[in-house]
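Peer 1: Structure file upload_9.cif, mmCIF, C-alpha atoms and all ligand atoms, is pasted below:
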data_run
loop_
_atom_site.group_PDB
_atom_site.id
_atom_site.type_symbol
_atom_site.label_atom_id
_atom_site.label_comp_id
_atom_site.auth_asym_id
_atom_site.auth_seq_id
_atom_site.Cartn_x
_atom_site.Cartn_y
_atom_site.Cartn_z
ATOM 1 C CA MET A 1 -60.374 -46.872 52.660
ATOM 2 C CA SER A 2 -56.927 -48.375 53.084
ATOM 3 C CA HIS A 3 -58.180 -51.926 52.865
ATOM 4 C CA LEU A 4 -59.063 -51.500 49.200
ATOM 5 C CA ASN A 5 -55.425 -52.225 48.437
ATOM 6 C CA ASP A 6 -55.205 -54.992 50.986
ATOM 7 C CA PRO A 7 -54.391 -58.332 49.289
ATOM 8 C CA GLN A 8 -55.994 -60.045 52.273
ATOM 9 C CA GLN A 9 -59.289 -58.301 51.648
ATOM 10 C CA HIS A 10 -60.747 -60.886 49.291
ATOM 11 C CA SER A 11 -60.615 -63.502 52.027
ATOM 12 C CA LEU A 12 -62.783 -61.440 54.346
ATOM 13 C CA VAL A 13 -65.987 -63.073 55.454
ATOM 14 C CA SER A 14 -67.005 -60.757 58.244
ATOM 15 C CA GLY A 15 -65.791 -58.660 61.124
ATOM 16 C CA LYS A 16 -63.168 -56.151 62.215
ATOM 17 C CA PRO A 17 -59.840 -55.188 60.612
ATOM 18 C CA LEU A 18 -57.073 -57.750 60.911
ATOM 19 C CA PRO A 19 -54.610 -57.200 63.770
ATOM 20 C CA ALA A 20 -51.163 -55.773 62.956
ATOM 21 C CA GLY A 21 -48.580 -58.452 62.219
ATOM 22 C CA PHE A 22 -51.212 -60.884 60.956
ATOM 23 C CA ARG A 23 -50.553 -62.007 57.387
ATOM 24 C CA HIS A 24 -52.659 -64.219 55.180
ATOM 25 C CA LEU A 25 -50.807 -65.471 52.095
ATOM 26 C CA PRO A 26 -53.485 -67.139 49.940
ATOM 27 C CA GLY A 27 -52.190 -69.890 47.659
ATOM 28 C CA ARG A 28 -48.602 -69.589 48.948
ATOM 29 C CA LEU A 29 -48.114 -73.285 48.096
ATOM 30 C CA ASP A 30 -49.161 -74.439 44.628
ATOM 31 C CA ALA A 31 -50.848 -77.809 44.021
ATOM 32 C CA THR A 32 -47.552 -79.629 43.436
ATOM 33 C CA ALA A 33 -46.023 -78.218 46.616
ATOM 34 C CA GLN A 34 -49.135 -79.132 48.604
ATOM 35 C CA GLU A 35 -49.080 -82.722 47.335
ATOM 36 C CA GLY A 36 -45.367 -83.130 48.042
ATOM 37 C CA LEU A 37 -45.615 -81.652 51.518
ATOM 38 C CA LEU A 38 -48.689 -83.672 52.427
ATOM 39 C CA ALA A 39 -47.056 -86.927 51.257
ATOM 40 C CA GLU A 40 -44.004 -86.200 53.381
ATOM 41 C CA VAL A 41 -46.066 -85.258 56.443
ATOM 42 C CA LEU A 42 -48.357 -88.293 56.140
ATOM 43 C CA ALA A 43 -45.390 -90.651 55.767
ATOM 44 C CA SER A 44 -43.823 -89.273 58.959
ATOM 45 C CA VAL A 45 -47.077 -89.206 60.903
ATOM 46 C CA GLY A 46 -47.937 -92.695 59.640
ATOM 47 C CA ALA A 47 -44.757 -93.990 61.232
ATOM 48 C CA ALA A 48 -45.059 -91.961 64.453
ATOM 49 C CA GLY A 49 -48.835 -92.308 64.948
ATOM 50 C CA TRP A 50 -51.564 -89.756 65.645
ATOM 51 C CA PHE A 51 -52.404 -89.084 69.276
ATOM 52 C CA GLN A 52 -55.644 -87.901 70.806
ATOM 53 C CA PRO A 53 -55.104 -84.701 72.808
ATOM 54 C CA THR A 54 -57.338 -84.150 75.823
ATOM 55 C CA MET A 55 -58.275 -81.042 77.792
ATOM 56 C CA PRO A 56 -56.322 -80.263 80.956
ATOM 57 C CA ARG A 57 -58.212 -81.221 84.131
ATOM 58 C CA SER A 58 -61.437 -82.471 82.488
ATOM 59 C CA GLY A 59 -59.643 -84.975 80.262
ATOM 60 C CA ARG A 60 -62.236 -84.313 77.563
ATOM 61 C CA PRO A 61 -60.878 -85.234 74.109
ATOM 62 C CA LEU A 62 -60.322 -82.467 71.579
ATOM 63 C CA SER A 63 -62.018 -83.042 68.226
ATOM 64 C CA VAL A 64 -58.722 -82.899 66.299
ATOM 65 C CA ARG A 65 -56.034 -85.549 66.275
ATOM 66 C CA MET A 66 -52.419 -84.462 66.468
ATOM 67 C CA CYS A 67 -48.815 -85.333 65.818
ATOM 68 C CA ASN A 68 -45.628 -83.242 65.755
ATOM 69 C CA LEU A 69 -42.509 -82.971 63.642
ATOM 70 C CA GLY A 70 -39.271 -81.497 64.949
ATOM 71 C CA SER A 71 -37.166 -81.608 68.100
ATOM 72 C CA LEU A 72 -40.138 -80.560 70.239
ATOM 73 C CA GLY A 73 -43.850 -81.203 70.026
ATOM 74 C CA TRP A 74 -46.934 -79.680 71.616
ATOM 75 C CA VAL A 75 -49.075 -82.025 73.695
ATOM 76 C CA SER A 76 -52.141 -81.623 75.885
ATOM 77 C CA ASP A 77 -53.428 -84.014 78.525
ATOM 78 C CA LYS A 78 -54.726 -83.970 82.093
ATOM 79 C CA GLU A 79 -51.469 -82.434 83.290
ATOM 80 C CA GLY A 80 -51.803 -79.469 80.963
ATOM 81 C CA TYR A 81 -50.279 -78.009 77.810
ATOM 82 C CA ARG A 82 -46.559 -78.358 77.172
ATOM 83 C CA TYR A 83 -43.793 -79.040 74.668
ATOM 84 C CA GLN A 84 -41.859 -82.278 74.916
ATOM 85 C CA PRO A 85 -39.312 -84.114 72.742
ATOM 86 C CA HIS A 86 -41.234 -87.370 72.523
ATOM 87 C CA HIS A 87 -44.579 -88.759 71.400
ATOM 88 C CA PRO A 88 -46.931 -89.151 74.388
ATOM 89 C CA ASP A 89 -48.110 -92.667 73.407
ATOM 90 C CA THR A 90 -44.896 -94.295 72.193
ATOM 91 C CA GLY A 91 -42.146 -92.293 73.922
ATOM 92 C CA CYS A 92 -40.343 -92.061 70.557
ATOM 93 C CA PRO A 93 -38.742 -88.819 69.367
ATOM 94 C CA TRP A 94 -40.873 -86.842 66.908
ATOM 95 C CA PRO A 95 -39.989 -87.288 63.209
ATOM 96 C CA PRO A 96 -37.825 -84.526 61.719
ATOM 97 C CA LEU A 97 -39.219 -81.279 60.332
ATOM 98 C CA PRO A 98 -39.363 -81.437 56.505
ATOM 99 C CA ALA A 99 -36.800 -79.242 54.721
ATOM 100 C CA SER A 100 -39.543 -77.525 52.710
ATOM 101 C CA LEU A 101 -41.124 -76.260 55.939
ATOM 102 C CA LEU A 102 -37.782 -74.934 57.197
ATOM 103 C CA GLU A 103 -37.451 -73.086 53.874
ATOM 104 C CA LEU A 104 -40.979 -71.697 54.174
ATOM 105 C CA TRP A 105 -40.195 -70.442 57.686
ATOM 106 C CA GLN A 106 -37.043 -68.734 56.414
ATOM 107 C CA ALA A 107 -39.029 -67.072 53.662
ATOM 108 C CA VAL A 108 -41.946 -65.748 55.710
ATOM 109 C CA ALA A 109 -41.159 -65.703 59.450
ATOM 110 C CA GLY A 110 -38.756 -62.759 59.581
ATOM 111 C CA TYR A 111 -37.057 -64.471 62.507
ATOM 112 C CA PRO A 112 -33.398 -65.541 62.477
ATOM 113 C CA HIS A 113 -33.645 -68.921 64.231
ATOM 114 C CA PRO A 114 -35.334 -72.097 62.980
ATOM 115 C CA PRO A 115 -38.628 -73.426 64.287
ATOM 116 C CA GLU A 116 -38.355 -76.319 66.730
ATOM 117 C CA ALA A 117 -41.856 -77.731 66.445
ATOM 118 C CA CYS A 118 -44.404 -78.360 63.751
ATOM 119 C CA LEU A 119 -47.767 -79.272 65.237
ATOM 120 C CA VAL A 120 -49.858 -81.328 62.819
ATOM 121 C CA ASN A 121 -53.617 -81.051 63.357
ATOM 122 C CA LEU A 122 -56.021 -83.420 61.579
ATOM 123 C CA TYR A 123 -59.576 -82.133 61.190
ATOM 124 C CA ARG A 124 -62.056 -84.702 59.926
ATOM 125 C CA THR A 125 -65.673 -83.667 59.311
ATOM 126 C CA GLY A 126 -67.089 -81.970 62.406
ATOM 127 C CA ALA A 127 -63.727 -81.214 64.031
ATOM 128 C CA ARG A 128 -63.038 -77.673 65.209
ATOM 129 C CA MET A 129 -60.682 -75.773 67.444
ATOM 130 C CA GLY A 130 -62.002 -73.436 70.115
ATOM 131 C CA LEU A 131 -60.810 -69.861 70.501
ATOM 132 C CA HIS A 132 -57.362 -69.864 72.136
ATOM 133 C CA GLN A 133 -54.000 -68.116 72.314
ATOM 134 C CA ASP A 134 -50.734 -69.852 71.381
ATOM 135 C CA ARG A 135 -48.715 -68.959 74.456
ATOM 136 C CA ASP A 136 -46.854 -72.079 75.543
ATOM 137 C CA GLU A 137 -43.717 -70.939 73.709
ATOM 138 C CA ALA A 138 -40.961 -69.231 75.718
ATOM 139 C CA ASP A 139 -39.974 -67.038 72.779
ATOM 140 C CA LEU A 140 -43.024 -64.985 71.869
ATOM 141 C CA SER A 141 -40.968 -62.750 69.580
ATOM 142 C CA ALA A 142 -41.085 -65.491 66.944
ATOM 143 C CA PRO A 143 -44.267 -65.759 64.893
ATOM 144 C CA VAL A 144 -46.402 -68.855 64.483
ATOM 145 C CA VAL A 145 -46.517 -69.841 60.810
ATOM 146 C CA SER A 146 -49.480 -71.949 59.720
ATOM 147 C CA VAL A 147 -50.022 -73.981 56.542
ATOM 148 C CA SER A 148 -53.459 -75.228 55.475
ATOM 149 C CA LEU A 149 -53.884 -78.421 53.443
ATOM 150 C CA GLY A 150 -57.164 -79.958 52.298
ATOM 151 C CA ASP A 151 -60.679 -78.733 52.992
ATOM 152 C CA ASP A 152 -61.464 -75.047 53.453
ATOM 153 C CA ALA A 153 -61.743 -73.847 57.044
ATOM 154 C CA LEU A 154 -63.433 -70.910 58.734
ATOM 155 C CA PHE A 155 -60.644 -69.329 60.766
ATOM 156 C CA ARG A 156 -61.607 -66.797 63.395
ATOM 157 C CA ILE A 157 -59.098 -64.203 64.558
ATOM 158 C CA GLY A 158 -59.824 -61.728 67.348
ATOM 159 C CA GLY A 159 -57.823 -59.534 69.679
ATOM 160 C CA THR A 160 -55.662 -60.236 72.710
ATOM 161 C CA ASN A 161 -58.709 -60.389 74.983
ATOM 162 C CA ARG A 162 -61.040 -63.328 74.528
ATOM 163 C CA ARG A 163 -64.066 -61.042 74.200
ATOM 164 C CA ASP A 164 -62.515 -58.717 71.620
ATOM 165 C CA PRO A 165 -64.466 -58.612 68.378
ATOM 166 C CA GLY A 166 -63.017 -60.789 65.673
ATOM 167 C CA ARG A 167 -63.375 -61.576 62.052
ATOM 168 C CA THR A 168 -63.526 -64.740 60.053
ATOM 169 C CA ILE A 169 -61.500 -65.633 57.008
ATOM 170 C CA VAL A 170 -61.622 -68.724 54.837
ATOM 171 C CA LEU A 171 -58.352 -70.658 54.821
ATOM 172 C CA ARG A 172 -57.909 -72.778 51.707
ATOM 173 C CA SER A 173 -55.453 -75.502 50.802
ATOM 174 C CA GLY A 174 -52.029 -73.960 50.191
ATOM 175 C CA ASP A 175 -52.705 -70.848 52.245
ATOM 176 C CA VAL A 176 -50.116 -69.687 54.748
ATOM 177 C CA VAL A 177 -50.893 -67.542 57.785
ATOM 178 C CA VAL A 178 -48.326 -65.696 59.889
ATOM 179 C CA LEU A 179 -49.285 -64.738 63.443
ATOM 180 C CA GLY A 180 -46.532 -62.312 64.300
ATOM 181 C CA GLY A 181 -45.955 -58.959 65.963
ATOM 182 C CA ALA A 182 -49.013 -57.549 67.679
ATOM 183 C CA SER A 183 -51.120 -60.458 66.422
ATOM 184 C CA ARG A 184 -48.905 -63.106 68.058
ATOM 185 C CA LEU A 185 -51.121 -63.415 71.135
ATOM 186 C CA CYS A 186 -54.441 -62.823 69.425
ATOM 187 C CA PHE A 187 -57.183 -65.314 70.163
ATOM 188 C CA HIS A 188 -57.941 -67.535 67.172
ATOM 189 C CA GLY A 189 -59.648 -70.789 66.331
ATOM 190 C CA ILE A 190 -61.302 -72.905 63.667
ATOM 191 C CA ASP A 191 -65.099 -72.622 63.753
ATOM 192 C CA ARG A 192 -65.546 -75.420 61.256
ATOM 193 C CA ILE A 193 -64.218 -76.989 58.129
ATOM 194 C CA LEU A 194 -66.209 -77.151 54.905
ATOM 195 C CA PRO A 195 -66.293 -80.868 53.999
ATOM 196 C CA GLY A 196 -65.678 -81.906 50.413
ATOM 197 C CA THR A 197 -64.103 -78.616 49.316
ATOM 198 C CA SER A 198 -60.771 -80.337 48.559
ATOM 199 C CA ALA A 199 -59.736 -83.829 47.503
ATOM 200 C CA LEU A 200 -56.179 -83.461 48.806
ATOM 201 C CA VAL A 201 -56.332 -85.284 52.141
ATOM 202 C CA PRO A 202 -56.956 -89.052 51.803
ATOM 203 C CA GLY A 203 -60.155 -89.854 53.689
ATOM 204 C CA GLY A 204 -61.184 -86.190 53.548
ATOM 205 C CA GLY A 205 -60.808 -83.243 55.860
ATOM 206 C CA ARG A 206 -58.061 -80.781 56.595
ATOM 207 C CA ILE A 207 -54.528 -80.896 57.895
ATOM 208 C CA ASN A 208 -53.021 -77.809 59.460
ATOM 209 C CA LEU A 209 -49.335 -77.428 60.177
ATOM 210 C CA THR A 210 -48.091 -74.796 62.622
ATOM 211 C CA LEU A 211 -44.403 -74.007 62.788
ATOM 212 C CA ARG A 212 -43.274 -72.780 66.175
ATOM 213 C CA ARG A 213 -40.101 -71.508 67.771
ATOM 214 C CA VAL A 214 -40.367 -72.699 71.359
ATOM 215 C CA SER A 215 -37.200 -71.771 73.241
ATOM 216 C CA VAL A 216 -35.387 -68.459 73.505
ATOM 217 C CA PRO A 217 -32.147 -68.759 71.497
ATOM 218 C CA PRO A 218 -29.222 -68.783 74.009
ATOM 219 C CA ALA A 219 -27.592 -65.556 72.766
ATOM 220 C CA ALA A 220 -30.886 -63.684 72.921
ATOM 221 C CA SER A 221 -31.758 -64.647 76.488
ATOM 222 C CA PRO A 222 -30.941 -61.998 79.099
ATOM 223 C CA PHE A 223 -30.822 -64.738 81.730
ATOM 224 C CA SER A 224 -28.522 -67.261 80.094
ATOM 225 C CA PRO A 225 -24.975 -67.146 81.494
ATOM 226 C CA GLN A 226 -22.252 -66.031 79.080
ATOM 227 C CA PRO A 227 -19.344 -68.456 78.658
ATOM 228 C CA GLY A 228 -16.936 -68.115 81.568
ATOM 229 C CA THR A 229 -19.289 -66.050 83.718
ATOM 230 C CA ARG A 230 -20.970 -68.937 85.472
ATOM 231 C CA PRO A 231 -20.179 -69.082 89.178
ATOM 232 C CA GLY A 232 -17.361 -71.578 89.619
ATOM 233 C CA GLY A 233 -17.154 -72.147 85.861
HETATM 234 O O1 LIG B 1 -55.939 -75.166 62.205
HETATM 235 C C1 LIG B 1 -55.618 -73.983 62.207
HETATM 236 O O2 LIG B 1 -55.625 -73.281 61.199
HETATM 237 C C2 LIG B 1 -55.196 -73.330 63.502
HETATM 238 C C3 LIG B 1 -54.502 -74.274 64.431
HETATM 239 C C4 LIG B 1 -54.107 -73.599 65.710
HETATM 240 O O3 LIG B 1 -54.498 -72.518 66.011
HETATM 241 C C5 LIG B 1 -53.190 -74.295 66.614
HETATM 242 O O4 LIG B 1 -52.799 -75.448 66.359
HETATM 243 O O5 LIG B 1 -52.811 -73.696 67.638
HETATM 244 FE FE FE B 2 -53.361 -71.725 67.677
#
Take the structure in this file and express it as structure tokens.
Peer 2:
Amino acid sequence: MSHLNDPQQHSLVSGKPLPAGFRHLPGRLDATAQEGLLAEVLASVGAAGWFQPTMPRSGRPLSVRMCNLGSLGWVSDKEGYRYQPHHPDTGCPWPPLPASLLELWQAVAGYPHPPEACLVNLYRTGARMGLHQDRDEADLSAPVVSVSLGDDALFRIGGTNRRDPGRTIVLRSGDVVVLGGASRLCFHGIDRILPGTSALVPGGGRINLTLRRVSVPPAASPFSPQPGTRPGG
């Protein structure tokens, strides 16, 4: 039984083995680090403003509110899902990515280029996130690194087909999850948060941060022209 030595095992609620490349690092951030990071994130988001994402086509609002930090941010509206350099409501550039998150990425991502986006999701009581893949990034060789702050959440992770069996783990404040390797395109979602399990987030609830590399770094792209090889250049 190889999972007996699995440090992720204690977080198991139910279901199948975790996909390869999926890492759950419980308590990666201690209480002081969580408080410092949350204060920094809330100050930036307070200045930029939350926005209300809506479903493509239907325009139905998602139950989370969002903001982004970094040179690019993920948005969703009637026109679809995409990354863009500015806030959809104000047109302002997103606030910068905190240094502590860049350091966390360096420590856990195993990827040589920095993240470009940090999506900030706010889950108040009753908010959830349906099963989905993160596949709007051009560079799928980079992992998605997720940080949980505030209330516990039931996180479901399945396979690369929507109907694949999954399992559920509890994500607690300070936990870090890495969706890399074979798990990068696994379906995942938040079934629900457990209200009142943390006092960290003012007003209650949970904030999730996902660090994302969006674009293929120029040197790694087989399609980007090398200097001096461009026609006429
Ligand atoms: O809140 C979470 O833990 C997951 C968020 C997520 O999957 C996403 O923003 O794409
Ligand atoms: Fe996701």
Peer 1: Expanded to explicit residues, what is the PyMOL selection byres (((chain A and resi 121) around 10) and not hetatm) for this file, as an mmCIF file with C-alpha atoms, in the coordinates of the input?
Peer 2:
data_model
loop_
_atom_site.group_PDB
_atom_site.id
_atom_site.type_symbol
_atom_site.label_atom_id
_atom_site.label_comp_id
_atom_site.auth_asym_id
_atom_site.auth_seq_id
_atom_site.Cartn_x
_atom_site.Cartn_y
_atom_site.Cartn_z
ATOM 1 C CA TRP A 50 -51.564 -89.756 65.645
ATOM 2 C CA SER A 63 -62.018 -83.042 68.226
ATOM 3 C CA VAL A 64 -58.722 -82.899 66.299
ATOM 4 C CA ARG A 65 -56.034 -85.549 66.275
ATOM 5 C CA MET A 66 -52.419 -84.462 66.468
ATOM 6 C CA CYS A 67 -48.815 -85.333 65.818
ATOM 7 C CA ASN A 68 -45.628 -83.242 65.755
ATOM 8 C CA CYS A 118 -44.404 -78.360 63.751
ATOM 9 C CA LEU A 119 -47.767 -79.272 65.237
ATOM 10 C CA VAL A 120 -49.858 -81.328 62.819
ATOM 11 C CA LEU A 122 -56.021 -83.420 61.579
ATOM 12 C CA TYR A 123 -59.576 -82.133 61.190
ATOM 13 C CA ARG A 124 -62.056 -84.702 59.926
ATOM 14 C CA MET A 129 -60.682 -75.773 67.444
ATOM 15 C CA SER A 148 -53.459 -75.228 55.475
ATOM 16 C CA ARG A 206 -58.061 -80.781 56.595
ATOM 17 C CA ILE A 207 -54.528 -80.896 57.895
ATOM 18 C CA ASN A 208 -53.021 -77.809 59.460
ATOM 19 C CA LEU A 209 -49.335 -77.428 60.177
ATOM 20 C CA THR A 210 -48.091 -74.796 62.622
#
Peer 1: For region 55-173 of chain A versus region 188-204 of chain A, which residues have an atom no more than 10 Å away, and what is each residue's nearest atom pair and distance in Å rounded to one decimal, using all atoms listed in the file, chain-then-number order, as CSV?
Peer 2:
residue,atom,partner,partner_atom,distance
A:Leu122,CA,A:Val201,CA,9.6
A:Tyr123,CA,A:Ile193,CA,7.6
A:Arg124,CA,A:Gly204,CA,6.6
A:Thr125,CA,A:Pro195,CA,6.0
A:Gly126,CA,A:Arg192,CA,6.8
A:Ala127,CA,A:Arg192,CA,6.7
A:Arg128,CA,A:Arg192,CA,5.2
A:Met129,CA,A:Ile190,CA,4.8
A:Gly130,CA,A:Gly189,CA,5.2
A:Leu131,CA,A:Gly189,CA,4.4
A:His132,CA,A:His188,CA,5.5
A:Gln133,CA,A:His188,CA,6.5
A:Asp134,CA,A:His188,CA,8.7
A:Leu149,CA,A:Leu200,CA,7.2
A:Gly150,CA,A:Leu200,CA,5.0
A:Asp151,CA,A:Ser198,CA,4.7
A:Asp152,CA,A:Leu194,CA,5.4
A:Ala153,CA,A:Ile193,CA,4.1
A:Leu154,CA,A:Asp191,CA,5.6
A:Phe155,CA,A:Ile190,CA,4.7
A:Arg156,CA,A:His188,CA,5.3
A:Ile157,CA,A:His188,CA,4.4
A:Gly158,CA,A:His188,CA,6.1
A:Gly159,CA,A:His188,CA,8.4
A:Thr160,CA,A:His188,CA,9.4
A:Arg162,CA,A:His188,CA,9.0
A:Gly166,CA,A:His188,CA,8.6
A:Arg167,CA,A:His188,CA,9.6
A:Thr168,CA,A:Asp191,CA,8.8
A:Ile169,CA,A:Ile190,CA,9.9
A:Val170,CA,A:Ile193,CA,9.3
A:Leu171,CA,A:Ile193,CA,9.2
A:Arg172,CA,A:Ser198,CA,8.7
A:Ser173,CA,A:Ser198,CA,7.5
Peer 1: Need the axis-aligned box for ligand LIG 1 (chain B) with 5 Å each side, so what are the centre and edges in Å to one decimal, as JSON?
Peer 2:
{"center_x": -54.4, "center_y": -74.0, "center_z": 64.4, "size_x": 13.1, "size_y": 12.9, "size_z": 16.4}
Peer 1: With distances taken over all atoms listed in the file, which of A:Cys186, A:Leu211, A:Val147, A:Val176 is nearest to Pro26 (chain A)?
Peer 2: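 With all atoms listed in the file as the atom set, the closest residue is A:Val176.
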Peer 1: Quick one, how far is CA of Ala142 (chain A) from CA of Arg213 (chain A)?
Peer 2: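 CA of Arg213 (chain A) lies 6.2 Å from CA of Ala142 (chain A).
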Peer 1: With all atoms listed in the file as the basis for distance, which of A:Gly73, A:Pro218, A:Gly21, A:Pro96 is at the shortest distance from Val145 (chain A)?
Peer 2: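 Under the stated criterion, the closest residue is A:Gly21.
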Peer 1: For the atom pair CA of Gln52 (chain A) and CA of Tyr81 (chain A), what is the interatomic distance in Å to one decimal place?
Peer 2: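 Pair CA of Gln52 (chain A) / CA of Tyr81 (chain A) returns 13.3 Å.
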Peer 1: Where does the PyMOL selection byres (((chain A and resi 82-91) around 8) and not hetatm) land in this file, that is, which residues does it pick, as number ranges by chain?
Peer 2: A: 48, 51, 67-68, 71-76, 80-81, 92-94, 136, 214
Peer 1: Calculated over all atoms listed in the file, which of the candidates A:Gly49, A:Arg23, A:His113, A:Pro95 has the smallest distance to Ala219 (chain A)?
Peer 2: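 That would be A:His113, the residue with the smallest distance to Ala219 (chain A).
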Peer 1: Go through A:Asn161, A:Ser58, A:Ser146, A:Ser215 and flag the residue nearest ligand FE 2 (chain B), using all atoms listed in the file for the distances.
Peer 2: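 Nearest candidate to ligand FE 2 (chain B) out of A:Asn161, A:Ser58, A:Ser146, A:Ser215: A:Ser146.
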Peer 1: Report the residues retrieved by the PyMOL selection byres (((chain A and resi 79) around 7) and not hetatm) from the displayed file, expressed as a list of chain:residue names.
Peer 2: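 Listing what the PyMOL selection byres (((chain A and resi 79) around 7) and not hetatm) selects in the shown file: A:Pro56, A:Arg57, A:Asp77, A:Lys78, A:Gly80.
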Peer 1: To one decimal place, how far is CA of Trp105 (chain A) from CA of Leu62 (chain A) in Å?
Peer 2: 27.3 Å
Peer 1: Which of these residues is nearest to ligand LIG 1 (chain B), using only C-alpha atoms and all ligand atoms: A:Gly70, A:Pro98, A:Pro53, A:Gly46?
Peer 2: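 Ranked by minimum distance to ligand LIG 1 (chain B), first place goes to A:Pro53.
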